[in-house]
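Have a look at the structure below before the remarks.
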Amino acid sequence: MAIFDLPLEQLKTYIPTREEPADFDSFWKSTLDETRTYPMKATFEKVDYGLVAQETFDVTFNGFGGQQVRGWLILPKQRSGKLPCVVEYIGYGGGRSFPIDWLLWASAGYAHLVMDTRGQGSAWSSGDTPDLYSDGGNPHFPGSMTNGILDPKHYYYRRVFTDAVRAIEAARKHRDVDASRIAVTGGSQGGGITIAAAGLVPDVAAAMPDVPFLCHYRRATELVDTYPYKEIADYCHIHRDKVDTVFSTLSYFDGVHFSTRARARALFSVGLMDEICPPSTVYAAYNHWAGEKDIKIYPYNGHEGGGSYQTVEKLKFLKNIWG
């Protein structure tokens, strides 16, 4: 592994031209309006996993199409008043697993809602949310990148990004959550979902996308030969006549376009040797971000990014915002 993308000085000024659909905003408005016709039905059922410093709740809420989405809400046991809340999205192929895997933010004094990713949770951690719009529906082993890719109305990430918005709305309904102090975060796919959520819910207070996926798709597929982006390249390799249609669909789901609509204070991270989510695709979203922003750079790291070093930076970042 070595540096293969643009030099850092060029990355810092890399602002590619956006090829945004004319109906981008109306597409997402109608998507969310339709979803909000279904009642939220957010539930928080207390569960016991033997933890003494945290309280854990099994969460359900209605996401895209009124389909039930699962999650966890984890709160510090000792608390007073309403808490700032971190809403977290999961990396590609992972699921919500168990609350014991998600103790960081509650340990730091925040409420923490983890959203299960529909149809995933079968690669490196388990999930419980089916995607009823896919064949079979059950959580499955990747991939998902070309599911419905010939029509933005049927594309997989339309459902996921809508679920992400509803997860924020569900968190805001809990009596112990301060609805005005919401942060969104996630790594890789979770980072891409974070960017989309911040663009679609511009009043979130903070966004922390780590080594984000789902940005600047065409460059990614032309620059690296690694999965998950390679799923798109493999599809185009076979369906030679569908390339323009594929990238037309993906333009509705590109983090670069969501970044221009995001107003939250943002902390990004990037690994300059990342062969999964190339640095220039991360910077494409970062440099288009409309709100106050910073990025932590890890020159000798790949897709693991900053790891625990970045976690420390995120803790400091939120403390600086909320005290």
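We name chains A, B, ... following the order of the structure tokens; residues begin at 1 in each chain, and ligands are numbered from 1 as shown.
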*Would you list, as a PyMOL selection string, the residues of segment 19-158 of chain A that end up in alpha helix (DSSP H) under DSSP run on this structure's backbone?*
chain A and resi 24-35+104-107+156-158
Would you save the residues of that selection, restricted to N, CA and C atoms, as a PDB file, in the first residue's frame?
ATOM      1  N   PHE A  24     -32.896  17.057  -8.099  1.00  0.00           N
ATOM      2  CA  PHE A  24     -32.320  16.447  -6.897  1.00  0.00           C
ATOM      3  C   PHE A  24     -33.133  16.789  -5.655  1.00  0.00           C
ATOM      4  N   ASP A  25     -33.400  18.066  -5.437  1.00  0.00           N
ATOM      5  CA  ASP A  25     -34.116  18.484  -4.230  1.00  0.00           C
ATOM      6  C   ASP A  25     -35.559  17.989  -4.230  1.00  0.00           C
ATOM      7  N   SER A  26     -36.223  18.074  -5.357  1.00  0.00           N
ATOM      8  CA  SER A  26     -37.609  17.622  -5.404  1.00  0.00           C
ATOM      9  C   SER A  26     -37.704  16.111  -5.250  1.00  0.00           C
ATOM     10  N   PHE A  27     -36.710  15.390  -5.769  1.00  0.00           N
ATOM     11  CA  PHE A  27     -36.677  13.933  -5.596  1.00  0.00           C
ATOM     12  C   PHE A  27     -36.634  13.571  -4.120  1.00  0.00           C
ATOM     13  N   TRP A  28     -35.764  14.238  -3.387  1.00  0.00           N
ATOM     14  CA  TRP A  28     -35.626  13.895  -1.965  1.00  0.00           C
ATOM     15  C   TRP A  28     -36.777  14.455  -1.131  1.00  0.00           C
ATOM     16  N   LYS A  29     -37.299  15.605  -1.524  1.00  0.00           N
ATOM     17  CA  LYS A  29     -38.468  16.125  -0.801  1.00  0.00           C
ATOM     18  C   LYS A  29     -39.656  15.183  -0.944  1.00  0.00           C
ATOM     19  N   SER A  30     -39.924  14.743  -2.160  1.00  0.00           N
ATOM     20  CA  SER A  30     -41.064  13.848  -2.358  1.00  0.00           C
ATOM     21  C   SER A  30     -40.831  12.505  -1.673  1.00  0.00           C
ATOM     22  N   THR A  31     -39.579  12.040  -1.655  1.00  0.00           N
ATOM     23  CA  THR A  31     -39.263  10.789  -0.966  1.00  0.00           C
ATOM     24  C   THR A  31     -39.567  10.895   0.519  1.00  0.00           C
ATOM     25  N   LEU A  32     -39.103  11.966   1.137  1.00  0.00           N
ATOM     26  CA  LEU A  32     -39.307  12.125   2.582  1.00  0.00           C
ATOM     27  C   LEU A  32     -40.759  12.452   2.907  1.00  0.00           C
ATOM     28  N   ASP A  33     -41.398  13.233   2.060  1.00  0.00           N
ATOM     29  CA  ASP A  33     -42.821  13.530   2.280  1.00  0.00           C
ATOM     30  C   ASP A  33     -43.642  12.247   2.256  1.00  0.00           C
ATOM     31  N   GLU A  34     -43.356  11.385   1.303  1.00  0.00           N
ATOM     32  CA  GLU A  34     -44.089  10.124   1.203  1.00  0.00           C
ATOM     33  C   GLU A  34     -43.841   9.252   2.431  1.00  0.00           C
ATOM     34  N   THR A  35     -42.580   9.193   2.861  1.00  0.00           N
ATOM     35  CA  THR A  35     -42.254   8.379   4.042  1.00  0.00           C
ATOM     36  C   THR A  35     -42.956   8.907   5.283  1.00  0.00           C
ATOM     37  N   LEU A 104     -19.226   3.495  23.642  1.00  0.00           N
ATOM     38  CA  LEU A 104     -18.383   4.688  23.703  1.00  0.00           C
ATOM     39  C   LEU A 104     -19.162   5.945  24.060  1.00  0.00           C
ATOM     40  N   TRP A 105     -20.190   6.264  23.273  1.00  0.00           N
ATOM     41  CA  TRP A 105     -20.819   7.576  23.412  1.00  0.00           C
ATOM     42  C   TRP A 105     -21.618   7.705  24.707  1.00  0.00           C
ATOM     43  N   ALA A 106     -22.275   6.624  25.126  1.00  0.00           N
ATOM     44  CA  ALA A 106     -22.969   6.674  26.415  1.00  0.00           C
ATOM     45  C   ALA A 106     -21.968   6.804  27.556  1.00  0.00           C
ATOM     46  N   SER A 107     -20.794   6.180  27.398  1.00  0.00           N
ATOM     47  CA  SER A 107     -19.752   6.298  28.428  1.00  0.00           C
ATOM     48  C   SER A 107     -19.228   7.719  28.535  1.00  0.00           C
ATOM     49  N   TYR A 156     -31.318   1.035  -3.914  1.00  0.00           N
ATOM     50  CA  TYR A 156     -31.216   0.602  -2.517  1.00  0.00           C
ATOM     51  C   TYR A 156     -30.980   1.770  -1.556  1.00  0.00           C
ATOM     52  N   TYR A 157     -30.089   2.675  -1.908  1.00  0.00           N
ATOM     53  CA  TYR A 157     -29.724   3.723  -0.948  1.00  0.00           C
ATOM     54  C   TYR A 157     -30.802   4.799  -0.809  1.00  0.00           C
ATOM     55  N   ARG A 158     -31.771   4.806  -1.681  1.00  0.00           N
ATOM     56  CA  ARG A 158     -32.931   5.680  -1.424  1.00  0.00           C
ATOM     57  C   ARG A 158     -33.598   5.238  -0.129  1.00  0.00           C
TER      58      ARG A 158
END
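Of the listed residues A:Cys277, A:Leu11, A:Val86, A:Ile168, the one whose atoms come nearest to Met208 of chain A is A:Val86, with distances taken using only C-alpha atoms.
Going from atom CA of Ser280 of chain A over to atom CA of Thr146 of chain A, you cover 22.5 Å.
Within 9 Å of Phe4 of chain A, once only C-alpha atoms are used and residues closer than 6 positions along the same chain are dropped, the contacting residues are Leu272, Met273, Asp274, Glu275 and Pro278 of chain A.
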Could you write out that same residue set with C-alpha atoms as an mmCIF file, in the first residue's frame?
data_model
loop_
_atom_site.group_PDB
_atom_site.id
_atom_site.type_symbol
_atom_site.label_atom_id
_atom_site.label_comp_id
_atom_site.auth_asym_id
_atom_site.auth_seq_id
_atom_site.Cartn_x
_atom_site.Cartn_y
_atom_site.Cartn_z
ATOM 1 C CA LEU A 272 -4.113 8.977 2.267
ATOM 2 C CA MET A 273 -3.408 5.317 1.434
ATOM 3 C CA ASP A 274 -7.077 4.309 1.455
ATOM 4 C CA GLU A 275 -7.674 1.924 -1.468
ATOM 5 C CA PRO A 278 -9.837 6.986 -2.275
#
*Using only C-alpha atoms, which of A:Ile74, A:Ile100, A:Ala220, A:Cys215 sits nearest Tyr49 of chain A?*
A:Ile100
*Please provide as a ChimeraX atom specification all residues within 10 Å of Val165 of chain A, with the sequence filter that same-chain residues fewer than 3 positions apart are discarded (counting only C-alpha atoms).*
/A:32,63-64,160-162,168-170,193-194,196-201
Could you dump the residues just selected with C-alpha atoms as an mmCIF file, in the first residue's frame?
data_model
loop_
_atom_site.group_PDB
_atom_site.id
_atom_site.type_symbol
_atom_site.label_atom_id
_atom_site.label_comp_id
_atom_site.auth_asym_id
_atom_site.auth_seq_id
_atom_site.Cartn_x
_atom_site.Cartn_y
_atom_site.Cartn_z
ATOM 1 C CA LEU A 32 -39.307 12.125 2.582
ATOM 2 C CA GLY A 63 -38.484 3.980 7.870
ATOM 3 C CA PHE A 64 -38.851 4.045 4.110
ATOM 4 C CA VAL A 160 -31.237 3.553 3.469
ATOM 5 C CA PHE A 161 -30.841 7.343 3.374
ATOM 6 C CA THR A 162 -34.530 7.746 4.164
ATOM 7 C CA ILE A 168 -32.773 11.190 13.631
ATOM 8 C CA GLU A 169 -36.491 11.875 13.952
ATOM 9 C CA ALA A 170 -36.914 8.799 16.166
ATOM 10 C CA ILE A 193 -24.844 7.870 5.222
ATOM 11 C CA THR A 194 -23.738 10.538 7.710
ATOM 12 C CA ALA A 196 -26.495 12.219 3.293
ATOM 13 C CA ALA A 197 -28.300 12.574 6.619
ATOM 14 C CA ALA A 198 -26.636 15.926 7.330
ATOM 15 C CA GLY A 199 -27.629 17.162 3.875
ATOM 16 C CA LEU A 200 -31.221 16.027 4.278
ATOM 17 C CA VAL A 201 -31.556 17.234 7.891
#
Selection: 12 Å around Ala207 of chain A, only C-alpha atoms, excl. self and same-chain fewer than 6 positions, as an mmCIF file with C-alpha atoms, in the first residue's frame:
data_model
loop_
_atom_site.group_PDB
_atom_site.id
_atom_site.type_symbol
_atom_site.label_atom_id
_atom_site.label_comp_id
_atom_site.auth_asym_id
_atom_site.auth_seq_id
_atom_site.Cartn_x
_atom_site.Cartn_y
_atom_site.Cartn_z
ATOM 1 C CA CYS A 85 -27.520 12.456 21.124
ATOM 2 C CA VAL A 86 -25.128 10.798 18.683
ATOM 3 C CA VAL A 87 -26.938 8.956 15.871
ATOM 4 C CA GLU A 88 -24.598 6.397 14.326
ATOM 5 C CA TYR A 89 -24.686 4.589 10.988
ATOM 6 C CA ARG A 181 -28.359 18.700 19.992
ATOM 7 C CA ILE A 182 -28.047 15.852 17.494
ATOM 8 C CA ALA A 183 -24.786 14.653 15.959
ATOM 9 C CA VAL A 184 -24.513 12.088 13.172
ATOM 10 C CA THR A 185 -21.521 9.834 12.616
ATOM 11 C CA GLY A 186 -20.272 6.661 11.008
ATOM 12 C CA GLY A 187 -17.318 5.161 9.174
ATOM 13 C CA GLY A 190 -21.676 4.891 7.778
ATOM 14 C CA GLY A 191 -19.687 7.985 6.834
ATOM 15 C CA GLY A 192 -21.481 8.238 3.503
ATOM 16 C CA ILE A 193 -24.844 7.870 5.222
ATOM 17 C CA THR A 194 -23.738 10.538 7.710
ATOM 18 C CA ILE A 195 -23.122 13.004 4.872
ATOM 19 C CA ALA A 196 -26.495 12.219 3.293
ATOM 20 C CA ALA A 197 -28.300 12.574 6.619
ATOM 21 C CA ALA A 198 -26.636 15.926 7.330
ATOM 22 C CA GLY A 199 -27.629 17.162 3.875
ATOM 23 C CA VAL A 201 -31.556 17.234 7.891
ATOM 24 C CA SER A 259 -22.386 18.145 1.232
ATOM 25 C CA ALA A 262 -25.114 20.404 4.925
ATOM 26 C CA ARG A 263 -24.894 23.134 7.561
ATOM 27 C CA ALA A 264 -23.668 21.148 10.568
ATOM 28 C CA ARG A 265 -20.211 21.603 12.026
ATOM 29 C CA ALA A 266 -18.239 18.737 10.519
ATOM 30 C CA LEU A 267 -15.191 16.665 11.392
ATOM 31 C CA PHE A 268 -14.043 14.405 8.557
ATOM 32 C CA SER A 269 -11.209 11.895 8.462
ATOM 33 C CA TYR A 286 -15.266 17.654 2.219
ATOM 34 C CA TRP A 289 -19.259 20.939 2.539
ATOM 35 C CA GLY A 291 -20.871 24.320 6.939
ATOM 36 C CA GLU A 292 -17.935 24.878 9.266
ATOM 37 C CA LYS A 293 -15.524 21.973 8.853
ATOM 38 C CA ASP A 294 -12.230 20.323 9.674
ATOM 39 C CA ILE A 295 -10.540 17.140 8.460
ATOM 40 C CA LYS A 314 -14.298 13.074 17.804
ATOM 41 C CA PHE A 317 -14.835 17.782 18.864
ATOM 42 C CA LEU A 318 -18.181 17.164 20.555
ATOM 43 C CA ILE A 321 -19.417 21.981 20.808
#
_Nearest candidate to Arg96 of chain A (options A:Asp241, A:Glu9, A:Asp234, A:Asp128; using only C-alpha atoms)_ = A:Asp128
*Where does DSSP see strand (DSSP E or B) in segment 103-319 of chain A, if you list the residues as a PyMOL selection string?*
chain A and resi 111-115+177-187+206-210+265-271+293-298
Mind writing the picked residues with N, CA and C atoms as an mmCIF file, in the first residue's frame?
data_model
loop_
_atom_site.group_PDB
_atom_site.id
_atom_site.type_symbol
_atom_site.label_atom_id
_atom_site.label_comp_id
_atom_site.auth_asym_id
_atom_site.auth_seq_id
_atom_site.Cartn_x
_atom_site.Cartn_y
_atom_site.Cartn_z
ATOM 1 N N ALA A 111 -26.490 10.447 24.844
ATOM 2 C CA ALA A 111 -27.402 9.433 24.318
ATOM 3 C C ALA A 111 -26.826 8.950 22.990
ATOM 4 N N HIS A 112 -27.088 7.687 22.658
ATOM 5 C CA HIS A 112 -26.488 7.108 21.459
ATOM 6 C C HIS A 112 -27.504 6.194 20.787
ATOM 7 N N LEU A 113 -27.937 6.579 19.587
ATOM 8 C CA LEU A 113 -28.840 5.729 18.811
ATOM 9 C C LEU A 113 -28.068 5.128 17.646
ATOM 10 N N VAL A 114 -28.042 3.809 17.573
ATOM 11 C CA VAL A 114 -27.386 3.072 16.491
ATOM 12 C C VAL A 114 -28.461 2.537 15.558
ATOM 13 N N MET A 115 -28.381 2.885 14.279
ATOM 14 C CA MET A 115 -29.372 2.419 13.309
ATOM 15 C C MET A 115 -28.891 1.158 12.610
ATOM 16 N N VAL A 177 -33.718 12.826 25.221
ATOM 17 C CA VAL A 177 -32.866 13.377 24.171
ATOM 18 C C VAL A 177 -33.208 14.837 23.918
ATOM 19 N N ASP A 178 -32.177 15.670 23.864
ATOM 20 C CA ASP A 178 -32.324 17.071 23.493
ATOM 21 C C ASP A 178 -32.378 17.146 21.966
ATOM 22 N N ALA A 179 -33.539 17.409 21.423
ATOM 23 C CA ALA A 179 -33.739 17.379 19.973
ATOM 24 C C ALA A 179 -32.896 18.417 19.241
ATOM 25 N N SER A 180 -32.439 19.448 19.933
ATOM 26 C CA SER A 180 -31.650 20.490 19.292
ATOM 27 C C SER A 180 -30.164 20.148 19.244
ATOM 28 N N ARG A 181 -29.778 19.075 19.945
ATOM 29 C CA ARG A 181 -28.359 18.700 19.992
ATOM 30 C C ARG A 181 -28.190 17.269 19.475
ATOM 31 N N ILE A 182 -28.210 17.142 18.154
ATOM 32 C CA ILE A 182 -28.047 15.852 17.494
ATOM 33 C C ILE A 182 -26.775 15.891 16.664
ATOM 34 N N ALA A 183 -25.955 14.856 16.817
ATOM 35 C CA ALA A 183 -24.786 14.653 15.959
ATOM 36 C C ALA A 183 -24.977 13.362 15.191
ATOM 37 N N VAL A 184 -24.474 13.312 13.965
ATOM 38 C CA VAL A 184 -24.513 12.088 13.172
ATOM 39 C C VAL A 184 -23.090 11.656 12.873
ATOM 40 N N THR A 185 -22.874 10.338 12.845
ATOM 41 C CA THR A 185 -21.521 9.834 12.616
ATOM 42 C C THR A 185 -21.566 8.436 12.042
ATOM 43 N N GLY A 186 -20.433 8.009 11.537
ATOM 44 C CA GLY A 186 -20.272 6.661 11.008
ATOM 45 C C GLY A 186 -19.009 6.593 10.187
ATOM 46 N N GLY A 187 -18.517 5.368 9.966
ATOM 47 C CA GLY A 187 -17.318 5.161 9.174
ATOM 48 C C GLY A 187 -17.613 4.406 7.896
ATOM 49 N N ALA A 206 -24.011 18.551 14.431
ATOM 50 C CA ALA A 206 -22.657 18.113 14.121
ATOM 51 C C ALA A 206 -22.703 16.867 13.255
ATOM 52 N N ALA A 207 -21.660 16.715 12.423
ATOM 53 C CA ALA A 207 -21.523 15.531 11.575
ATOM 54 C C ALA A 207 -20.068 15.085 11.620
ATOM 55 N N MET A 208 -19.868 13.771 11.775
ATOM 56 C CA MET A 208 -18.507 13.229 11.891
ATOM 57 C C MET A 208 -18.362 12.022 10.960
ATOM 58 N N PRO A 209 -18.163 12.269 9.657
ATOM 59 C CA PRO A 209 -17.990 11.170 8.714
ATOM 60 C C PRO A 209 -16.530 10.722 8.651
ATOM 61 N N ASP A 210 -16.303 9.468 8.929
ATOM 62 C CA ASP A 210 -14.951 8.907 8.870
ATOM 63 C C ASP A 210 -14.763 8.120 7.578
ATOM 64 N N ARG A 265 -21.661 21.598 11.829
ATOM 65 C CA ARG A 265 -20.211 21.603 12.026
ATOM 66 C C ARG A 265 -19.698 20.188 11.779
ATOM 67 N N ALA A 266 -18.668 20.058 10.969
ATOM 68 C CA ALA A 266 -18.239 18.737 10.519
ATOM 69 C C ALA A 266 -16.789 18.455 10.874
ATOM 70 N N LEU A 267 -16.543 17.184 11.223
ATOM 71 C CA LEU A 267 -15.191 16.665 11.392
ATOM 72 C C LEU A 267 -15.071 15.418 10.537
ATOM 73 N N PHE A 268 -14.312 15.534 9.449
ATOM 74 C CA PHE A 268 -14.043 14.405 8.557
ATOM 75 C C PHE A 268 -12.739 13.725 8.958
ATOM 76 N N SER A 269 -12.527 12.522 8.403
ATOM 77 C CA SER A 269 -11.209 11.895 8.462
ATOM 78 C C SER A 269 -10.924 11.225 7.135
ATOM 79 N N VAL A 270 -9.632 11.119 6.822
ATOM 80 C CA VAL A 270 -9.209 10.516 5.556
ATOM 81 C C VAL A 270 -7.878 9.802 5.762
ATOM 82 N N GLY A 271 -7.743 8.636 5.128
ATOM 83 C CA GLY A 271 -6.458 7.938 5.065
ATOM 84 C C GLY A 271 -5.881 8.127 3.678
ATOM 85 N N LYS A 293 -16.052 23.320 9.032
ATOM 86 C CA LYS A 293 -15.524 21.973 8.853
ATOM 87 C C LYS A 293 -14.042 21.888 9.183
ATOM 88 N N ASP A 294 -13.636 20.658 9.483
ATOM 89 C CA ASP A 294 -12.230 20.323 9.674
ATOM 90 C C ASP A 294 -12.055 18.880 9.218
ATOM 91 N N ILE A 295 -10.822 18.511 8.877
ATOM 92 C CA ILE A 295 -10.540 17.140 8.460
ATOM 93 C C ILE A 295 -9.232 16.692 9.096
ATOM 94 N N LYS A 296 -9.237 15.491 9.638
ATOM 95 C CA LYS A 296 -8.035 14.893 10.204
ATOM 96 C C LYS A 296 -7.435 13.947 9.169
ATOM 97 N N ILE A 297 -6.152 14.120 8.914
ATOM 98 C CA ILE A 297 -5.462 13.421 7.831
ATOM 99 C C ILE A 297 -4.507 12.391 8.425
ATOM 100 N N TYR A 298 -4.585 11.168 7.896
ATOM 101 C CA TYR A 298 -3.719 10.079 8.350
ATOM 102 C C TYR A 298 -2.900 9.608 7.149
#
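Near segment 54-60 of chain A, within 7 Å and counting only C-alpha atoms, sit Ala42, Thr43, Phe44, Glu45, Lys46, Val47, Asp48, Leu51, Val52, Gln68, Val69, Arg70, Gly71, Trp72, Leu73, Ile74, Leu75, Pro76, Lys77, Pro99 and Ala106 of chain A, not including residues fewer than 2 positions from it in the same chain.
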Filtering to C-alpha atoms, could you give me those residues as a short mmCIF file (atom, residue, chain, number, x, y, z; two decimals), in the first residue's frame?
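The resulting file, part_21.cif, is reproduced below:
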data_model
loop_
_atom_site.label_atom_id
_atom_site.label_comp_id
_atom_site.auth_asym_id
_atom_site.auth_seq_id
_atom_site.Cartn_x
_atom_site.Cartn_y
_atom_site.Cartn_z
CA ALA A 42 -40.92 4.81 17.47
CA THR A 43 -40.64 2.38 20.38
CA PHE A 44 -37.92 2.05 23.01
CA GLU A 45 -38.09 -1.25 24.88
CA LYS A 46 -35.71 -1.53 27.79
CA VAL A 47 -33.45 -4.60 27.61
CA ASP A 48 -30.91 -6.00 30.06
CA LEU A 51 -24.48 -3.48 32.00
CA VAL A 52 -24.36 -1.39 35.18
CA GLN A 68 -39.86 -1.26 10.53
CA VAL A 69 -36.20 -0.50 11.16
CA ARG A 70 -34.32 -1.71 14.23
CA GLY A 71 -31.68 -0.04 16.35
CA TRP A 72 -30.30 0.44 19.84
CA LEU A 73 -30.57 3.43 22.15
CA ILE A 74 -27.91 3.49 24.85
CA LEU A 75 -28.00 6.01 27.68
CA PRO A 76 -25.69 6.66 30.60
CA LYS A 77 -27.30 5.29 33.76
CA PRO A 99 -25.48 -3.05 22.68
CA ALA A 106 -22.97 6.67 26.41
#
*asked:* For Ser248 of chain A, find every residue with an atom within 12 Å (counting only C-alpha atoms), except residues of its own chain fewer than 3 positions away, and show them as an MDAnalysis selection string.
replied: chainID A and resid 19:24 149:153 155 217:218 242:245 251:254
Could you turn the residues from that selection into a file that holds N, CA and C atoms, as a PDB file, in the first residue's frame?
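The new file part-v3.pdb reads:
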ATOM      1  N   GLU A  19     -22.134  17.073 -11.147  1.00  0.00           N
ATOM      2  CA  GLU A  19     -23.125  16.740 -12.170  1.00  0.00           C
ATOM      3  C   GLU A  19     -24.404  16.323 -11.452  1.00  0.00           C
ATOM      4  N   GLU A  20     -25.093  17.358 -10.955  1.00  0.00           N
ATOM      5  CA  GLU A  20     -26.255  17.143 -10.090  1.00  0.00           C
ATOM      6  C   GLU A  20     -27.541  17.144 -10.904  1.00  0.00           C
ATOM      7  N   PRO A  21     -28.440  16.187 -10.654  1.00  0.00           N
ATOM      8  CA  PRO A  21     -29.715  16.192 -11.370  1.00  0.00           C
ATOM      9  C   PRO A  21     -30.516  17.459 -11.057  1.00  0.00           C
ATOM     10  N   ALA A  22     -31.223  17.967 -12.049  1.00  0.00           N
ATOM     11  CA  ALA A  22     -32.010  19.183 -11.850  1.00  0.00           C
ATOM     12  C   ALA A  22     -33.098  18.992 -10.806  1.00  0.00           C
ATOM     13  N   ASP A  23     -33.583  17.763 -10.669  1.00  0.00           N
ATOM     14  CA  ASP A  23     -34.673  17.497  -9.721  1.00  0.00           C
ATOM     15  C   ASP A  23     -34.175  16.858  -8.421  1.00  0.00           C
ATOM     16  N   PHE A  24     -32.896  17.057  -8.099  1.00  0.00           N
ATOM     17  CA  PHE A  24     -32.320  16.447  -6.897  1.00  0.00           C
ATOM     18  C   PHE A  24     -33.133  16.789  -5.655  1.00  0.00           C
ATOM     19  N   ILE A 149     -30.251  -0.268  -9.438  1.00  0.00           N
ATOM     20  CA  ILE A 149     -29.402   0.829  -9.892  1.00  0.00           C
ATOM     21  C   ILE A 149     -29.845   1.470 -11.208  1.00  0.00           C
ATOM     22  N   LEU A 150     -30.833   0.929 -11.877  1.00  0.00           N
ATOM     23  CA  LEU A 150     -31.271   1.516 -13.141  1.00  0.00           C
ATOM     24  C   LEU A 150     -32.369   2.562 -12.976  1.00  0.00           C
ATOM     25  N   ASP A 151     -32.797   2.794 -11.740  1.00  0.00           N
ATOM     26  CA  ASP A 151     -33.857   3.773 -11.494  1.00  0.00           C
ATOM     27  C   ASP A 151     -33.692   4.331 -10.086  1.00  0.00           C
ATOM     28  N   PRO A 152     -33.488   5.638  -9.944  1.00  0.00           N
ATOM     29  CA  PRO A 152     -33.282   6.197  -8.599  1.00  0.00           C
ATOM     30  C   PRO A 152     -34.429   5.915  -7.642  1.00  0.00           C
ATOM     31  N   LYS A 153     -35.641   5.774  -8.150  1.00  0.00           N
ATOM     32  CA  LYS A 153     -36.779   5.486  -7.269  1.00  0.00           C
ATOM     33  C   LYS A 153     -36.684   4.102  -6.648  1.00  0.00           C
ATOM     34  N   TYR A 155     -33.560   2.498  -6.260  1.00  0.00           N
ATOM     35  CA  TYR A 155     -32.196   2.206  -5.821  1.00  0.00           C
ATOM     36  C   TYR A 155     -32.147   1.976  -4.311  1.00  0.00           C
ATOM     37  N   TYR A 217     -18.750   8.812  -7.125  1.00  0.00           N
ATOM     38  CA  TYR A 217     -18.773   7.413  -7.544  1.00  0.00           C
ATOM     39  C   TYR A 217     -17.936   7.131  -8.792  1.00  0.00           C
ATOM     40  N   ARG A 218     -18.099   7.951  -9.816  1.00  0.00           N
ATOM     41  CA  ARG A 218     -17.413   7.608 -11.068  1.00  0.00           C
ATOM     42  C   ARG A 218     -15.901   7.628 -10.885  1.00  0.00           C
ATOM     43  N   LYS A 242     -25.537   0.206 -20.197  1.00  0.00           N
ATOM     44  CA  LYS A 242     -26.243   0.829 -19.071  1.00  0.00           C
ATOM     45  C   LYS A 242     -25.369   1.800 -18.280  1.00  0.00           C
ATOM     46  N   VAL A 243     -24.158   2.070 -18.756  1.00  0.00           N
ATOM     47  CA  VAL A 243     -23.214   2.869 -17.965  1.00  0.00           C
ATOM     48  C   VAL A 243     -23.778   4.250 -17.654  1.00  0.00           C
ATOM     49  N   ASP A 244     -24.301   4.934 -18.662  1.00  0.00           N
ATOM     50  CA  ASP A 244     -24.838   6.286 -18.431  1.00  0.00           C
ATOM     51  C   ASP A 244     -26.020   6.245 -17.470  1.00  0.00           C
ATOM     52  N   THR A 245     -26.857   5.228 -17.598  1.00  0.00           N
ATOM     53  CA  THR A 245     -28.010   5.097 -16.705  1.00  0.00           C
ATOM     54  C   THR A 245     -27.554   4.865 -15.266  1.00  0.00           C
ATOM     55  N   SER A 251     -26.083   9.718  -9.265  1.00  0.00           N
ATOM     56  CA  SER A 251     -25.971  11.157  -9.005  1.00  0.00           C
ATOM     57  C   SER A 251     -26.977  11.634  -7.962  1.00  0.00           C
ATOM     58  N   TYR A 252     -28.052  10.891  -7.744  1.00  0.00           N
ATOM     59  CA  TYR A 252     -29.028  11.244  -6.710  1.00  0.00           C
ATOM     60  C   TYR A 252     -28.553  10.833  -5.309  1.00  0.00           C
ATOM     61  N   PHE A 253     -27.450  10.094  -5.240  1.00  0.00           N
ATOM     62  CA  PHE A 253     -27.018   9.510  -3.971  1.00  0.00           C
ATOM     63  C   PHE A 253     -25.556   9.827  -3.670  1.00  0.00           C
ATOM     64  N   ASP A 254     -25.032  10.847  -4.305  1.00  0.00           N
ATOM     65  CA  ASP A 254     -23.620  11.192  -4.184  1.00  0.00           C
ATOM     66  C   ASP A 254     -23.409  12.146  -3.014  1.00  0.00           C
TER      67      ASP A 254
END
*In Å, with one decimal, what is the gap from atom CA of Leu132 of chain A to atom CA of Asn147 of chain A?*
12.6 Å
*Looking at only C-alpha atoms, which of A:Asn62, A:Asp5, A:Tyr38, A:Asp101 is the one that sits closest to Leu223 of chain A?*
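Among the listed residues, the smallest separation from Leu223 of chain A belongs to A:Asp5.
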*Can you work out the spacing between atom CA of Ala164 of chain A and atom CA of Tyr110 of chain A in Å, to one decimal?*
18.9 Å
*asked:* Here is a test: counting only C-alpha atoms, which residue of A:His257, A:Arg240, A:Arg172, A:Arg118 is nearest to Met40 of chain A?
replied: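 The closest residue to Met40 of chain A is A:Arg172.
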